[in-house]
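What follows is a single structure, written as structure tokens, with notes after it.
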Amino acid sequence: MGHSQLGATIVSATTAIDEAVRDGMTLMVGGFGLVGAPLTLIRALNASDRKDLTIISNNLGEPGKGLGETLRLGKVRRAIGSFFTSNPEVAEARDRGDLDVTLLPQGTLSEAMRAGGAGLGGFYTPTGVGTLLAEGKEVRELNGKRYVFQEPIRSDVALVRAHRADRLGNLVYYKTARNFNPMMATAADVVIAEVDAVVDVGQIDPEAVVTPHLFVDFLVIAEDTL
Amino acid sequence: MGHSQLGATIVSATTAIDEAVRDGMTLMVGGFGLVGAPLTLIRALNASDRKDLTIISNNLGEPGKGLGETLRLGKVRRAIGSFFTSNPEVAEARDRGDLDVTLLPQGTLSEAMRAGGAGLGGFYTPTGVGTLLAEGKEVRELNGKRYVFQEPIRSDVALVRAHRADRLGNLVYYKTARNFNPMMATAADVVIAEVDAVVDVGQIDPEAVVTPHLFVDFLVIAEDTL
Amino acid sequence: MNEKELIASRAAALLQPGWVVNLGIGIPTLVTRFVDRNAFCFQTENGLLGVGPPPPADRVDPNLVDAGKRPVTEQPGAAFFDSATSFAMIRGGHVDAVILGALQVDECGRIANWAIPGEPVLGVGGAMDLMSGARNIIVVMTHTAKDGTPKLVRECTLPLTSLRPVTWVVTELATFAVDGNGLILRSCAPGVSKETILARTAARCRDGEGLDQT
Amino acid sequence: MNEKELIASRAAALLQPGWVVNLGIGIPTLVTRFVDRNAFCFQTENGLLGVGPPPPADRVDPNLVDAGKRPVTEQPGAAFFDSATSFAMIRGGHVDAVILGALQVDECGRIANWAIPGEPVLGVGGAMDLMSGARNIIVVMTHTAKDGTPKLVRECTLPLTSLRPVTWVVTELATFAVDGNGLILRSCAPGVSKETILARTAARCRDGEGLDQT
């Protein structure tokens with residue numbers, strides 16, 4: 001998203017979803033299960049009328065929780081992730097024909113997001129060679145070892161969860177709530193970061209910034225937490 | 001390198017070079033010019049009798065300084081980097097037939113190191129397509145855009161420069177002296193980190209560690225600084 | 001010691017001090033009970049090197065969990081990182097060992113542990129990445145399924161997790177090493193005869209040198 | 001204002017407030033003199049977002065430099081990162097503009113700026129990455145070489161830096177935009193006639209709408 005001024009814009013979760021998300025879009029949503037998931041933004045998404053979404057996220061929450069509720073509301077057309085087993089309703093929705101599911105190994109999923117954010121055309125990973133998940137994919141031998149080709153993954157919007165932001169949009173994360181969020185923040189046209197607090201510029205150590213501010217468009221203060 | 005115990009081993013620069021480096025090896029050496037170069041380790045390398053080395057480094061120092069001295073001493077058979085123009089003796093050595101030079105775009109060089117450390121088989125980058133530096137390389141169209149294939153880069157030994165280490169080997173860096181060092185620390189069989197200070201375990205913020213300790217084998221206290 | 005603890009304790013004995021170890025869900029998490037935590041460093045693929053023991057109930061931090069989503073703590077000298085960095089470590093061969101469960105092991109030492117029979121294939125997580133990158137792979141599992149069906153089989157009927165064979169297979173009855181030619185019976189659990197093991201093993205295996213009971 | 005400052009000031013006028021900008025070596029570094037530093041954020045590919053002005057001589061930190069290895073400072077809200085992360089930003093389209101020098105520009109708007117004639121080709125640095133990834137590319141250069149030879153040419157005789165055309169070309173005489181059909185003369189510097197510009201330009205170019213003198 002173009003910036004008309006330096007610094008991320010602080011908005012409500014409802015405004016962020018209204019402004020950024022459209023029917024049919026592809027959304028990245030952070031979190032390993034509910035840990036590190038942007039629960040306030042997901043609630044605003046669930047309360048909106050947005051539908052027909054492709055969700056890229058490690059999981060689809062738990063039944064009725066987080067993205068699990070998004071699924072229940074029928075807003076998700078397609079899910080791309082690594083572990084949907086924690087929500088049995090994913091299998092049900094797929095069996096009903098309401099949901100298309102793409103499964104990737106977790107390391108391939110996270111690396112594909114990084115590649116998407118880094119302007120790469122794809123990469124070769126040894127993970128999954130010769131398994132069901134490599135079926136139909138290009139396999140290539142390089143220096144005597146076999147690898148699967150993986151394309152980069154990008155999205156229209158990323159909903160990420162961080163710990164603190166400064167007013168420019170620099171982000172730091174909290175413990176294992178970091179997980180997929182930093183890669184997602186690089187791989188979307190619009191990035192909305194839900195944070196516990198927004199601090200003054202200069203309050204985050206420049207050596208410890210995980211997501212530099214140029215990746216972040218909107219900041220939303222977290223209301224829902226684990 | 002196998003670890004027989006948790007924690008990196010603190011040794012002198014001379015011992016580190018003696019133990020880890022052999023004639024004919026490939027070495028990664030950190031630094032953007034002399035900034036972030038492990039000057040103490042380079043001095044020990046220069047004082048050793050090791051020769052016939054392949055050096056992977058953005059530059060080969062300046063004339064007679066850092067890796068520039070290593071070159072003068074005739075220890076370098078091949079150099080892989082992005083900007084050798086800062087040391088005119090590189091061109092002279094090449095013209096004499098004493099040095100083989102491989103030039104990569106800086107982003108491709110750093111990404112190839114990361115890929116080497118991350119177990120990838122290679123990646124496609126848009127950088128350099130249609131230029132002299134892509135000659136002889138695989139070019140592939142992916143989603144309507146052309147990319148050059150780049151293989152991962154690894155080395156036998158990496159000589160890196162960090163700011164502080166804890167006794168386990170966790171590393172943090174200092175300002176723009178970080179540059180290539182973190183990737184190199186992931187992409188070598190043996191990693192020797194030259195640091196300003198070694199602190200007790202627990203003195204580095206777990207959220208701010210840049211190179212986790214599992215990558216680091218030896219720690220050397222810096223004696224030569226800019 | 002129950003059966004699971006027995007398996008975990010036998011797997012623990014295979015770890016070498018100084019190793020960085022990733023633990024899967026289930027029996028693998030019991031391994032920490034049988035090692036000196038200070039001699040090892042535990043990695044969890046959701047982004048922590050230096051996993052400490054579970055906290056007391058009143059000190060649970062919901063944002064500090066392992067890959068099984070159970071509350072953990074961080075050891076001194078820990079480091080947090082993102083998922084891409086975590087799997088770069090794993091694929092890149094920087095994790096010395098992974099200990100994980102399996103549903104089946106074939107006679108080449110290859111495992112099936114991600115797709116459950118009769119259930120939709122909707123979760124793989126980090127299993128394939130760990131199988132591709134960990135330096136040593138230790139499988140821990142009960143020797144047979146609950147109905148007595150051997151889990152060490154000639155050929156896996158379930159989808160393979162990787163074409164790469166594991167390093168060790170540890171059950172409550174035996175420990176098998178794996179080399180280029182397949183499974184090698186390395187040791188029998190105390191009081192378990194070789195005949196008992198072979199009777200419950202469908203995969204062909206060779207006797208290791210100096211086969212002992214430990 | 002000397003010739004280089006004139007070019008820098010004209011390039012500065014093309015920047016939009018809020019942009020993240022990477023500055024090459026030479027004339028590009030002069031651009032900061034003509035912008036409100038608070039309205040922009042400067043990135044340097046050796047690992048810093050939030051480059052501040054050069055420090056006074058007694059406060060130089062030899063480990064805080066830009067890609068030209070000149071001492072700089074860090075702005076409040078800066079971030080340091082490694083080279084792979086820096087080029088991920090650049091290639092990934094997260095840097096709004098790069099301002100760089102060129103030896104030649106062809107009539108498609110493609111540039112040659114890394115291999116110097118008669119010298120061994122031993123340095124490319126980040127030029128090709130910046131050309132592949134920056135959202136806008138602004139070339140700043142003197143309109144002709146010292147001997148009067150045009151730098152805007154039909155075809156580059158020097159090796160191209162990228163197949164991608166730049167966005168703008170700014171000289172002391174004129175500013176050119178680039179579209180899919182090539183160079184467009186957008187503005188002439190004060191007191192410079194269109195005829196003067198064309199006489200010193202070997203590349204074919206079209207007149208922009210409302211061609212003015214600014």
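Just remember, in the structure tokens the first chain shown is A, the second B, etc., residues are 1-based per chain, and ligands are 1-based in the order shown.
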For Ser86 in chain B, list every protein, DNA or RNA residue within 12 Å, evaluated using only C-alpha atoms, and leave out those in the same chain fewer than 6 positions away; present the list as a ChimeraX atom specification.
/B:32-34,58-65,67-68 /D:68-69,122-125
Please identify which residues in range 29-72 of chain B DSSP calls alpha helix (DSSP H) from the backbone, and express them as a list in words.
Leu39, Thr40, Leu41, Ile42, Arg43, Ala44, Leu45, Asn46, Ala47, Leu67, Gly68, Glu69, Thr70, Leu71 and Arg72 of chain B
Expected file: the selected residues, N, CA and C atoms, as a PDB file, in the first residue's frame:
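Below is the file selection-v6.pdb, written as the result:
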```pdb
ATOM      1  N   LEU B  39      38.577  -8.771  12.191  1.00  0.00           N
ATOM      2  CA  LEU B  39      39.958  -8.363  11.908  1.00  0.00           C
ATOM      3  C   LEU B  39      40.993  -9.168  12.691  1.00  0.00           C
ATOM      4  N   THR B  40      40.621  -9.575  13.907  1.00  0.00           N
ATOM      5  CA  THR B  40      41.562 -10.362  14.721  1.00  0.00           C
ATOM      6  C   THR B  40      41.765 -11.746  14.115  1.00  0.00           C
ATOM      7  N   LEU B  41      40.673 -12.354  13.691  1.00  0.00           N
ATOM      8  CA  LEU B  41      40.760 -13.669  13.059  1.00  0.00           C
ATOM      9  C   LEU B  41      41.508 -13.590  11.724  1.00  0.00           C
ATOM     10  N   ILE B  42      41.263 -12.513  10.979  1.00  0.00           N
ATOM     11  CA  ILE B  42      41.955 -12.364   9.691  1.00  0.00           C
ATOM     12  C   ILE B  42      43.465 -12.211   9.938  1.00  0.00           C
ATOM     13  N   ARG B  43      43.819 -11.477  10.989  1.00  0.00           N
ATOM     14  CA  ARG B  43      45.255 -11.331  11.301  1.00  0.00           C
ATOM     15  C   ARG B  43      45.864 -12.694  11.642  1.00  0.00           C
ATOM     16  N   ALA B  44      45.127 -13.496  12.418  1.00  0.00           N
ATOM     17  CA  ALA B  44      45.636 -14.830  12.762  1.00  0.00           C
ATOM     18  C   ALA B  44      45.739 -15.713  11.513  1.00  0.00           C
ATOM     19  N   LEU B  45      44.764 -15.568  10.627  1.00  0.00           N
ATOM     20  CA  LEU B  45      44.819 -16.331   9.367  1.00  0.00           C
ATOM     21  C   LEU B  45      46.048 -15.913   8.557  1.00  0.00           C
ATOM     22  N   ASN B  46      46.287 -14.593   8.526  1.00  0.00           N
ATOM     23  CA  ASN B  46      47.428 -14.089   7.765  1.00  0.00           C
ATOM     24  C   ASN B  46      48.760 -14.561   8.371  1.00  0.00           C
ATOM     25  N   ALA B  47      48.796 -14.702   9.690  1.00  0.00           N
ATOM     26  CA  ALA B  47      50.021 -15.141  10.373  1.00  0.00           C
ATOM     27  C   ALA B  47      50.218 -16.651  10.256  1.00  0.00           C
ATOM     28  N   LEU B  67      41.338  -8.689   4.555  1.00  0.00           N
ATOM     29  CA  LEU B  67      41.537  -9.718   3.538  1.00  0.00           C
ATOM     30  C   LEU B  67      42.446  -9.232   2.401  1.00  0.00           C
ATOM     31  N   GLY B  68      42.630  -7.919   2.316  1.00  0.00           N
ATOM     32  CA  GLY B  68      43.569  -7.382   1.331  1.00  0.00           C
ATOM     33  C   GLY B  68      44.980  -7.897   1.614  1.00  0.00           C
ATOM     34  N   GLU B  69      45.330  -8.037   2.892  1.00  0.00           N
ATOM     35  CA  GLU B  69      46.634  -8.588   3.273  1.00  0.00           C
ATOM     36  C   GLU B  69      46.684 -10.092   2.980  1.00  0.00           C
ATOM     37  N   THR B  70      45.551 -10.783   3.218  1.00  0.00           N
ATOM     38  CA  THR B  70      45.490 -12.222   2.918  1.00  0.00           C
ATOM     39  C   THR B  70      45.766 -12.457   1.436  1.00  0.00           C
ATOM     40  N   LEU B  71      45.199 -11.584   0.612  1.00  0.00           N
ATOM     41  CA  LEU B  71      45.430 -11.665  -0.832  1.00  0.00           C
ATOM     42  C   LEU B  71      46.901 -11.428  -1.156  1.00  0.00           C
ATOM     43  N   ARG B  72      47.475 -10.373  -0.558  1.00  0.00           N
ATOM     44  CA  ARG B  72      48.888 -10.045  -0.796  1.00  0.00           C
ATOM     45  C   ARG B  72      49.810 -11.196  -0.439  1.00  0.00           C
TER      46      ARG B  72
END
```
With only C-alpha atoms considered, list every residue of chain A at most 10 Å from chain B, as a PyMOL selection string.
chain A and resi 111+115+118-127+140-143+145-151+172-176+178+205-210
Write out, as a compact mmCIF listing (two decimals), in the first residue's frame, the residues just selected, with N, CA, C and O atoms.
```
# COMPACT_ATOMS: atom_id res chain seq x y z
N GLU A 111 8.58 -20.69 4.56
CA GLU A 111 9.60 -20.25 3.60
C GLU A 111 8.96 -19.64 2.35
O GLU A 111 9.50 -18.69 1.78
N ALA A 115 9.69 -16.04 0.79
CA ALA A 115 10.04 -15.85 -0.62
C ALA A 115 9.10 -14.84 -1.27
O ALA A 115 9.52 -14.01 -2.08
N ALA A 118 10.15 -11.49 -0.33
CA ALA A 118 11.53 -11.17 -0.72
C ALA A 118 11.71 -11.06 -2.23
O ALA A 118 12.83 -10.94 -2.71
N GLY A 119 10.59 -11.13 -2.97
CA GLY A 119 10.68 -10.94 -4.41
C GLY A 119 11.31 -12.09 -5.17
O GLY A 119 11.77 -11.92 -6.29
N LEU A 120 11.36 -13.27 -4.57
CA LEU A 120 11.93 -14.43 -5.24
C LEU A 120 10.86 -15.13 -6.08
O LEU A 120 9.66 -15.02 -5.82
N GLY A 121 11.33 -15.89 -7.08
CA GLY A 121 10.39 -16.59 -7.96
C GLY A 121 10.04 -17.98 -7.48
O GLY A 121 9.16 -18.63 -8.04
N GLY A 122 10.69 -18.43 -6.43
CA GLY A 122 10.46 -19.76 -5.90
C GLY A 122 11.76 -20.37 -5.41
O GLY A 122 12.82 -19.74 -5.55
N PHE A 123 11.66 -21.55 -4.81
CA PHE A 123 12.86 -22.19 -4.24
C PHE A 123 12.66 -23.70 -4.25
O PHE A 123 11.55 -24.20 -4.45
N TYR A 124 13.76 -24.40 -4.04
CA TYR A 124 13.74 -25.86 -3.96
C TYR A 124 13.98 -26.29 -2.52
O TYR A 124 14.95 -25.88 -1.91
N THR A 125 13.08 -27.13 -2.02
CA THR A 125 13.22 -27.65 -0.65
C THR A 125 13.29 -29.17 -0.68
O THR A 125 12.60 -29.81 -1.49
N PRO A 126 14.09 -29.75 0.21
CA PRO A 126 14.15 -31.22 0.27
C PRO A 126 12.92 -31.81 0.96
O PRO A 126 12.67 -33.01 0.85
N THR A 127 12.15 -30.96 1.63
CA THR A 127 11.02 -31.44 2.43
C THR A 127 9.91 -31.98 1.55
O THR A 127 9.45 -31.27 0.64
N ARG A 140 13.37 -31.93 -8.63
CA ARG A 140 14.61 -31.72 -9.38
C ARG A 140 15.80 -32.17 -8.56
O ARG A 140 15.86 -31.93 -7.36
N GLU A 141 16.74 -32.81 -9.23
CA GLU A 141 17.96 -33.22 -8.54
C GLU A 141 19.00 -32.12 -8.68
O GLU A 141 19.28 -31.64 -9.78
N LEU A 142 19.52 -31.69 -7.56
CA LEU A 142 20.54 -30.64 -7.54
C LEU A 142 21.69 -31.14 -6.67
O LEU A 142 21.47 -31.49 -5.50
N ASN A 143 22.87 -31.18 -7.22
CA ASN A 143 24.03 -31.67 -6.49
C ASN A 143 23.75 -33.01 -5.81
O ASN A 143 24.10 -33.23 -4.65
N LYS A 145 20.99 -34.43 -4.82
CA LYS A 145 19.90 -34.57 -3.86
C LYS A 145 18.60 -34.10 -4.51
O LYS A 145 18.63 -33.17 -5.33
N ARG A 146 17.49 -34.70 -4.15
CA ARG A 146 16.24 -34.32 -4.78
C ARG A 146 15.48 -33.28 -3.96
O ARG A 146 15.43 -33.35 -2.74
N TYR A 147 14.90 -32.33 -4.68
CA TYR A 147 14.18 -31.23 -4.05
C TYR A 147 12.84 -31.01 -4.74
O TYR A 147 12.69 -31.31 -5.92
N VAL A 148 11.89 -30.46 -4.01
CA VAL A 148 10.59 -30.07 -4.56
C VAL A 148 10.59 -28.57 -4.79
O VAL A 148 11.07 -27.81 -3.95
N PHE A 149 10.03 -28.15 -5.92
CA PHE A 149 9.92 -26.71 -6.19
C PHE A 149 8.71 -26.14 -5.47
O PHE A 149 7.64 -26.73 -5.45
N GLN A 150 8.90 -25.01 -4.85
CA GLN A 150 7.79 -24.32 -4.21
C GLN A 150 7.73 -22.88 -4.68
O GLN A 150 8.72 -22.15 -4.63
N GLU A 151 6.55 -22.45 -5.09
CA GLU A 151 6.35 -21.06 -5.49
C GLU A 151 6.21 -20.15 -4.27
O GLU A 151 5.84 -20.61 -3.20
N VAL A 172 7.98 -5.42 17.44
CA VAL A 172 8.64 -6.50 18.16
C VAL A 172 7.54 -7.46 18.62
O VAL A 172 6.37 -7.07 18.74
N TYR A 173 7.94 -8.71 18.85
CA TYR A 173 6.97 -9.77 19.13
C TYR A 173 7.16 -10.30 20.54
O TYR A 173 8.09 -9.89 21.25
N TYR A 174 6.28 -11.20 20.95
CA TYR A 174 6.33 -11.74 22.31
C TYR A 174 6.43 -13.27 22.27
O TYR A 174 5.51 -13.94 21.80
N LYS A 175 7.55 -13.77 22.72
CA LYS A 175 7.79 -15.21 22.89
C LYS A 175 7.31 -16.04 21.68
O LYS A 175 7.55 -15.65 20.55
N THR A 176 6.61 -17.14 21.94
CA THR A 176 6.23 -17.99 20.79
C THR A 176 4.98 -17.48 20.05
O THR A 176 4.47 -18.16 19.16
N ARG A 178 5.37 -15.11 18.16
CA ARG A 178 6.00 -14.54 16.96
C ARG A 178 5.63 -15.39 15.73
O ARG A 178 5.11 -14.87 14.75
N ASP A 205 14.52 -0.65 20.62
CA ASP A 205 15.94 -0.76 20.30
C ASP A 205 16.11 -1.09 18.81
O ASP A 205 15.60 -2.11 18.34
N PRO A 206 16.83 -0.24 18.06
CA PRO A 206 17.02 -0.50 16.62
C PRO A 206 17.66 -1.85 16.31
O PRO A 206 17.49 -2.38 15.22
N GLU A 207 18.39 -2.40 17.26
CA GLU A 207 19.02 -3.71 17.05
C GLU A 207 18.01 -4.85 17.26
O GLU A 207 18.29 -6.00 16.92
N ALA A 208 16.86 -4.54 17.87
CA ALA A 208 15.92 -5.59 18.25
C ALA A 208 14.62 -5.56 17.44
O ALA A 208 13.74 -6.39 17.64
N VAL A 209 14.51 -4.60 16.52
CA VAL A 209 13.31 -4.55 15.67
C VAL A 209 13.24 -5.83 14.85
O VAL A 209 14.23 -6.25 14.25
N VAL A 210 12.10 -6.47 14.83
CA VAL A 210 11.95 -7.69 14.04
C VAL A 210 11.31 -7.36 12.69
O VAL A 210 11.76 -7.83 11.65
```
Could you list, as an NGL selection string, every residue within 7 Å of Asp96 in chain C, counting only C-alpha atoms and ignoring same-chain residues fewer than 4 positions away?
:C and (19-21 or 134-136)
Keeping only N, CA, C and O atoms, write the selected residues as a PDB file, in the first residue's frame.
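Below is the file again.pdb, written as the result:
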```
ATOM      1  N   TRP C  19      23.799 -32.013  22.564  1.00  0.00           N
ATOM      2  CA  TRP C  19      22.920 -31.984  21.396  1.00  0.00           C
ATOM      3  C   TRP C  19      21.772 -30.978  21.541  1.00  0.00           C
ATOM      4  O   TRP C  19      21.245 -30.766  22.645  1.00  0.00           O
ATOM      5  N   VAL C  20      21.394 -30.422  20.391  1.00  0.00           N
ATOM      6  CA  VAL C  20      20.150 -29.660  20.277  1.00  0.00           C
ATOM      7  C   VAL C  20      19.085 -30.627  19.778  1.00  0.00           C
ATOM      8  O   VAL C  20      19.271 -31.279  18.747  1.00  0.00           O
ATOM      9  N   VAL C  21      17.994 -30.737  20.528  1.00  0.00           N
ATOM     10  CA  VAL C  21      17.013 -31.793  20.276  1.00  0.00           C
ATOM     11  C   VAL C  21      15.614 -31.186  20.115  1.00  0.00           C
ATOM     12  O   VAL C  21      15.208 -30.330  20.899  1.00  0.00           O
ATOM     13  N   ALA C 134      16.791 -32.983  10.316  1.00  0.00           N
ATOM     14  CA  ALA C 134      17.463 -33.281  11.589  1.00  0.00           C
ATOM     15  C   ALA C 134      18.618 -34.245  11.343  1.00  0.00           C
ATOM     16  O   ALA C 134      18.520 -35.146  10.516  1.00  0.00           O
ATOM     17  N   ARG C 135      19.723 -34.042  12.059  1.00  0.00           N
ATOM     18  CA  ARG C 135      20.896 -34.894  11.815  1.00  0.00           C
ATOM     19  C   ARG C 135      20.640 -36.340  12.211  1.00  0.00           C
ATOM     20  O   ARG C 135      21.101 -37.260  11.548  1.00  0.00           O
ATOM     21  N   ASN C 136      19.942 -36.538  13.321  1.00  0.00           N
ATOM     22  CA  ASN C 136      19.588 -37.880  13.772  1.00  0.00           C
ATOM     23  C   ASN C 136      18.085 -37.913  14.018  1.00  0.00           C
ATOM     24  O   ASN C 136      17.524 -36.961  14.560  1.00  0.00           O
TER      25      ASN C 136
END
```
Do you know which residues are at most 7 Å from Gly52 in chain C counting only C-alpha atoms, after dropping those on the same chain fewer than 2 positions away, and could you put them as a VMD selection string?
chain C and resid 50 54 72 to 75
So that I have them on file, write out the residues from the current selection with all heavy atoms, as a tab-separated table (two decimals), in the first residue's frame.
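And here is the file that came out, part.tsv:
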```tsv
chain	number	residue	atom	x	y	z
C	50	GLY	N	15.82	-23.51	23.49
C	50	GLY	CA	15.98	-23.38	24.94
C	50	GLY	C	14.66	-23.57	25.66
C	50	GLY	O	14.30	-22.78	26.53
C	54	PRO	N	7.63	-27.55	31.81
C	54	PRO	CA	6.33	-26.90	31.96
C	54	PRO	C	6.30	-26.10	33.25
C	54	PRO	O	6.91	-26.51	34.24
C	54	PRO	CB	5.35	-28.07	32.02
C	54	PRO	CG	6.08	-29.25	31.49
C	54	PRO	CD	7.53	-29.02	31.75
C	72	VAL	N	5.13	-24.09	28.17
C	72	VAL	CA	6.50	-24.42	28.53
C	72	VAL	C	7.12	-23.18	29.17
C	72	VAL	O	6.45	-22.17	29.39
C	72	VAL	CB	7.33	-24.86	27.30
C	72	VAL	CG1	6.82	-26.18	26.75
C	72	VAL	CG2	7.33	-23.78	26.22
C	73	THR	N	8.39	-23.29	29.50
C	73	THR	CA	9.14	-22.14	29.99
C	73	THR	C	10.35	-21.95	29.07
C	73	THR	O	10.58	-22.75	28.18
C	73	THR	CB	9.62	-22.37	31.43
C	73	THR	OG1	10.28	-23.63	31.49
C	73	THR	CG2	8.44	-22.38	32.40
C	74	GLU	N	11.07	-20.86	29.29
C	74	GLU	CA	12.30	-20.66	28.53
C	74	GLU	C	13.48	-20.81	29.47
C	74	GLU	O	13.46	-20.35	30.62
C	74	GLU	CB	12.29	-19.28	27.86
C	74	GLU	CG	12.24	-18.13	28.85
C	74	GLU	CD	11.89	-16.79	28.23
C	74	GLU	OE1	10.68	-16.53	28.06
C	74	GLU	OE2	12.81	-16.01	27.95
C	75	GLN	N	14.52	-21.48	28.99
C	75	GLN	CA	15.74	-21.66	29.76
C	75	GLN	C	16.59	-20.39	29.68
C	75	GLN	O	16.46	-19.62	28.71
C	75	GLN	CB	16.57	-22.82	29.17
C	75	GLN	CG	15.90	-24.17	29.20
C	75	GLN	CD	16.02	-24.84	30.56
C	75	GLN	OE1	15.39	-24.40	31.53
C	75	GLN	NE2	16.79	-25.89	30.64
```
Give me, as a VMD selection string, the contact residues of chain B against chain C at a cut-off of 12 Å, counting only C-alpha atoms.
chain B and resid 1 to 8 113 to 121 152 154 165 to 172 182 to 183 185 to 191 199 to 217
Would you save the residues of that selection, restricted to C-alpha atoms, as a compact mmCIF listing (two decimals), in the first residue's frame?
```
# COMPACT_ATOMS: atom_id res chain seq x y z
CA MET B 1 30.97 -29.24 13.84
CA GLY B 2 29.77 -31.69 16.48
CA HIS B 3 29.36 -30.34 19.97
CA SER B 4 30.54 -32.52 22.82
CA GLN B 5 28.96 -30.15 25.30
CA LEU B 6 26.53 -27.26 25.27
CA GLY B 7 28.12 -23.90 24.75
CA ALA B 8 30.69 -22.43 22.42
CA MET B 113 24.32 -17.89 1.89
CA ARG B 114 20.97 -17.93 3.64
CA ALA B 115 19.79 -20.74 1.33
CA GLY B 116 22.99 -22.66 2.11
CA GLY B 117 22.30 -22.41 5.81
CA ALA B 118 18.62 -23.21 5.41
CA GLY B 119 19.04 -26.51 3.55
CA LEU B 120 17.48 -25.25 0.33
CA GLY B 121 18.53 -26.49 -3.10
CA PRO B 152 23.08 -22.17 -2.30
CA ARG B 154 28.20 -22.97 1.92
CA ALA B 165 28.10 -13.40 22.78
CA ASP B 166 26.89 -15.25 25.81
CA ARG B 167 28.78 -18.36 26.91
CA LEU B 168 26.41 -20.57 24.96
CA GLY B 169 27.28 -18.71 21.77
CA ASN B 170 24.16 -16.62 21.23
CA LEU B 171 25.18 -13.55 19.23
CA VAL B 172 24.05 -9.96 18.88
CA PRO B 182 24.41 -13.64 10.46
CA MET B 183 23.93 -15.56 7.20
CA ALA B 185 27.04 -18.09 10.72
CA THR B 186 24.37 -20.45 9.36
CA ALA B 187 26.19 -21.67 6.27
CA ALA B 188 29.49 -23.20 7.40
CA ASP B 189 30.54 -26.47 8.96
CA VAL B 190 32.54 -24.62 11.61
CA VAL B 191 31.65 -21.12 12.79
CA VAL B 199 28.70 -12.26 28.77
CA ASP B 200 26.99 -14.66 31.14
CA VAL B 201 24.10 -16.78 29.94
CA GLY B 202 20.91 -14.84 30.53
CA GLN B 203 22.47 -11.44 29.77
CA ILE B 204 21.16 -11.35 26.19
CA ASP B 205 17.43 -10.75 25.69
CA PRO B 206 15.94 -13.92 24.12
CA GLU B 207 13.81 -11.69 21.87
CA ALA B 208 16.89 -9.89 20.55
CA VAL B 209 19.24 -12.79 19.79
CA VAL B 210 20.19 -12.57 16.12
CA THR B 211 22.28 -15.75 15.83
CA PRO B 212 21.09 -18.50 18.19
CA HIS B 213 23.92 -20.45 19.79
CA LEU B 214 23.40 -23.69 17.90
CA PHE B 215 25.19 -22.10 14.94
CA VAL B 216 28.37 -21.10 16.80
CA ASP B 217 31.35 -23.34 17.59
```
Using the chain letters and numbers from this document, which residues of range 4-220 of chain B does DSSP assign to strand (DSSP E or B), as a ChimeraX atom specification?
/B:9-10,26-29,32,35,53-56,62,65,76-81,83,100-103,122-125,139-142,145-150,155-161,164-166,171-172,188-195,197-199,211,218-220
